[in-house]
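Enquirer: Structure in structure tokens, see below.
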Amino acid sequence: MNTKKITFITITPVLFSFFVMSFCDLVGIGVDNAMADFQLSNIMAQLIPSAVFVWFFFLSVSIGVLQDRIGKRNMVNIGMLVTAAGLLLPYFFYSFPLLLAGFVLLGIGNTILQVSANPLLIDVSPSGKSASLLSFSQFIKSIGSMVAPFIASYFALRFGNWKLVFLLFGLFSIFNAVWLHFTKVEESQSTERKATFGSAFGLLNTPFILLMALGIFFVVAIDVGINSTSGQFLMEKLNIDPEPAKQGRSLYFFGKMLGTFVGAILLTKLHSGKFLIYSSIATLITILAFIFSPSSVFAFTLMFLIGFAASNIFPLIFVITVNRYPKRSNEISGLMIMAVSGGAFIPPLVGKISDISNVTKGMYVFVGCAIYLLFVAAFSLRKISNQ
């Protein structure tokens with residue numbers, strides 16, 4: 001989109017906003033510590049992740065409409081400040097209701113960042129580098145997700161206060177918001193009428209956008225579903241002990257982190273449409289192989305490979321769609337992030353099938369998701385080639 005050289009001072013605070021985006025993954029730490037600190041039941045503790053992720057469905061499109069009026073950078077800064085408020089509230093006033101309120105703010109801030117940071121990064125990316133930088137941004141986000149538990153554990157052991165992680169991440173959010181505020185950013189501007197709810201949802205009448213949004217829906221379903229179902233699958237099918245089965249998830253996240261880093265490098269040379277095809281094929285093959293794993297070694301290896309294979313599909317679908325309709329990036333971003341709700345709708349279906357039959361048959365839902373991703377990858381490549 002642009003041909004000018006982008007400076008370090010311009011692009012770094014935008015990339016750091018993806019590190020701030022990772023702070024929503026504190027939900028796991030929040031659940032564990034809230035149960036211990038407030039003697040909560042499992043049902044009450046699970047209100048914490050619900051308080052975070054419900055906002056993707058309800059707010060994404062409205063945020064996209066609003067940012068069409070006030071700009072992407074302003075929305076990213078609002079998202080980081082709301083995130084900071086969500087982190088600092090339970091640090092200074094620690095009770096379960098205020099902890100829950102903090103995670104509500106964290107979820108709202110994260111939804112804003114998910115909608116706004118992706119198209120802003122495309123705006124500040126050098127020409128032809130947006131797909132690579134979007135993959136790299138997911139690598140940065142993965143780092144935040146992986147280090148947060150270790151930082152919380154360090155504060156708990158060293159200072160007897162795990163909540164110091166809230167203070168540290170809250171201050172970082174404020175620091176990065178100030179940095180981005182004083183950074184000159186040239187944003188793409190819509191030359192058409194301003195976005196509305198009608199214009200945003202009206203884009204779903206465009207087959208390309210609808211199919212790509214469903215691609216986001218299903219790749220997030222795989223991401224959340226493998227994370228939430230793999231432990232039960234390993235215990236039931238391969239008789240792996242509970243703790244090793246749960247810890248196997250870390251291999252999936254490590255595969256995602258490494259995959260986004262490798263993807264960021266490869267996408268400087270490879271065509272994004274072809275890379276989406278390769279990633280979709282690899283995702284389908286590794287999920288099928290995982291289901292038929294003959295041993296724990298194969299299963300754990302394949303968990304890593306699923307994360308590695310699927311890691312770049314989200315940013316690839318996003319950038320391919322926005323690049324095809326650059327003047328509708330705000331509305332598209334809202335629709336795409338609303339599709340993240342696939343992580344809320346598909347896993348319960350897997351659970352229902354598992355209850356009726358067994359978890360192995362439930363896993364075939366993810367095979368169906370992967371088949372769709374291969375279809376949409378082929379569809380998008382054909383459309384790109386015909387441009």
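Labeling convention for the structure tokens: chains A, B, ... as they appear, residues from 1 per chain, ligands from 1 in order of appearance.
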Write out as a PDB file with C-alpha atoms, in the first residue's frame which residues come within 9 Å of Ile346 (chain A) when counting only C-alpha atoms, dropping same-chain ones fewer than 3 positions away.
Expert:
```
ATOM      1  CA  PHE A 217     -14.438 -18.513  12.620  1.00  0.00           C
ATOM      2  CA  PHE A 218     -13.143 -22.022  11.947  1.00  0.00           C
ATOM      3  CA  ALA A 221     -12.427 -22.875  16.616  1.00  0.00           C
ATOM      4  CA  ILE A 222      -9.459 -25.175  15.944  1.00  0.00           C
ATOM      5  CA  VAL A 224      -9.484 -22.924  21.131  1.00  0.00           C
ATOM      6  CA  GLY A 225     -10.790 -26.461  20.587  1.00  0.00           C
ATOM      7  CA  SER A 341     -16.419 -16.117  18.478  1.00  0.00           C
ATOM      8  CA  GLY A 342     -15.920 -19.409  16.622  1.00  0.00           C
ATOM      9  CA  GLY A 343     -13.809 -20.289  19.655  1.00  0.00           C
ATOM     10  CA  LEU A 349     -20.320 -28.953  19.792  1.00  0.00           C
ATOM     11  CA  VAL A 350     -17.204 -31.089  20.174  1.00  0.00           C
ATOM     12  CA  GLY A 351     -18.083 -31.589  23.845  1.00  0.00           C
ATOM     13  CA  VAL A 365     -15.294 -31.626  14.047  1.00  0.00           C
ATOM     14  CA  PHE A 366     -11.832 -30.062  13.796  1.00  0.00           C
TER      15      PHE A 366
END
```
Enquirer: Just list as a VMD selection string whatever in region 40-278 of chain A DSSP marks as helix (DSSP H, G or I).
Expert: chain A and resid 42 to 45 47 to 70 72 to 92 96 to 124 130 to 159 164 to 181 197 to 205 207 to 238 242 to 247 249 to 266 272 to 278
Enquirer: Quick one: pull the distance between CA of Asn161 (chain A) and CA of Leu87 (chain A), Å, one decimal.
Expert: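 It comes out at 14.4 Å.
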Enquirer: Which polymer residues have any atom within 12 Å of an atom of Gly202 (chain A), counting only C-alpha atoms, with same-chain residues fewer than 6 positions away left out, as a PyMOL selection string?
Expert: chain A and resi 61+195-196+209-210+328+331-332+335
Enquirer: Deliver the residues from the most recent selection as a file, using C-alpha atoms, as an mmCIF file, in the first residue's frame.
Expert:
```
data_model
loop_
_atom_site.group_PDB
_atom_site.id
_atom_site.type_symbol
_atom_site.label_atom_id
_atom_site.label_comp_id
_atom_site.auth_asym_id
_atom_site.auth_seq_id
_atom_site.Cartn_x
_atom_site.Cartn_y
_atom_site.Cartn_z
ATOM 1 C CA VAL A 61 -18.498 -4.478 14.568
ATOM 2 C CA ALA A 195 -19.005 2.949 8.066
ATOM 3 C CA THR A 196 -22.278 1.980 9.713
ATOM 4 C CA ILE A 209 -15.678 -11.529 2.578
ATOM 5 C CA LEU A 210 -18.260 -13.960 3.947
ATOM 6 C CA ARG A 328 -13.316 -1.139 3.860
ATOM 7 C CA GLU A 331 -15.650 -2.752 8.663
ATOM 8 C CA ILE A 332 -13.772 -5.893 7.606
ATOM 9 C CA LEU A 335 -16.387 -8.616 11.065
#
```
Enquirer: Within 7 Å of region 169-183 of chain A, counting only C-alpha atoms, which residues show up once you throw out same-chain ones fewer than 2 positions away? Write them as a compact mmCIF listing (two decimals) with N, CA and C atoms, in the first residue's frame, please.
Expert:
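Result file selection-v9.txt:
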```txt
# COMPACT_ATOMS: atom_id res chain seq x y z
N THR A 10 8.26 4.33 14.45
CA THR A 10 6.86 4.29 14.02
C THR A 10 6.24 2.92 14.24
N PRO A 13 5.85 0.83 18.50
CA PRO A 13 4.69 0.89 19.41
C PRO A 13 3.45 0.18 18.86
N VAL A 20 0.55 -6.10 24.32
CA VAL A 20 -0.53 -5.73 25.23
C VAL A 20 -1.75 -6.60 24.98
N ASN A 77 -5.04 3.18 21.09
CA ASN A 77 -4.69 3.80 22.36
C ASN A 77 -5.81 3.64 23.38
N MET A 80 -5.59 0.12 24.71
CA MET A 80 -4.51 -0.09 25.67
C MET A 80 -4.82 0.56 27.02
N LEU A 81 -5.47 1.71 27.01
CA LEU A 81 -5.82 2.37 28.27
C LEU A 81 -6.93 1.62 29.01
N ALA A 84 -5.24 -1.26 30.55
CA ALA A 84 -4.52 -0.83 31.76
C ALA A 84 -5.48 -0.68 32.94
N LEU A 87 -6.36 -4.00 34.37
CA LEU A 87 -5.28 -4.63 35.12
C LEU A 87 -5.06 -3.96 36.47
N LEU A 88 -5.16 -2.64 36.50
CA LEU A 88 -4.85 -1.91 37.73
C LEU A 88 -5.99 -1.97 38.75
N VAL A 165 1.98 -8.82 38.65
CA VAL A 165 1.96 -8.95 37.20
C VAL A 165 0.93 -7.99 36.61
N PHE A 166 -0.19 -7.75 37.32
CA PHE A 166 -1.17 -6.77 36.87
C PHE A 166 -0.56 -5.37 36.82
N LEU A 167 0.18 -5.01 37.87
CA LEU A 167 0.80 -3.68 37.93
C LEU A 167 1.81 -3.50 36.80
N VAL A 185 1.74 8.73 12.58
CA VAL A 185 1.28 7.57 11.83
C VAL A 185 0.39 8.04 10.70
```
Enquirer: As a list in words, please: the residues near region 226-235 of chain A (cut-off 7 Å, only C-alpha atoms, same-chain neighbours under 2 positions excluded).
Expert: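 Result of the neighbour search: Ile222, Asp223, Val224, Lys237, Leu238, Asn239, Ile240, Asp241, Pro242, Ala245, Lys246, Arg249, Val359 and Thr360 of chain A.
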Enquirer: With only C-alpha atoms as the atoms that count, which of A:Ala370, A:Leu316, A:Leu267, A:Val76 lies nearest to Ile281 (chain A)?
Expert: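 Using only C-alpha atoms, Ile281 (chain A) sits closest to A:Ala370.
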Enquirer: Within 10 Å of Ser130 (chain A), counting only C-alpha atoms, which residues qualify if same-chain residues fewer than 5 places away don't, as a PyMOL selection string?
Expert: chain A and resi 1+118-119+121-125+135-136+264+267-268+272+315-316+319-320+323
Enquirer: Using only C-alpha atoms, which protein or nucleic acid residues come within 8 Å of Phe290 (chain A)? Drop anything in the same chain fewer than 5 positions from it, and give the result as a list in words.
Expert: Phe298, Ala299, Leu302 and Met303 of chain A
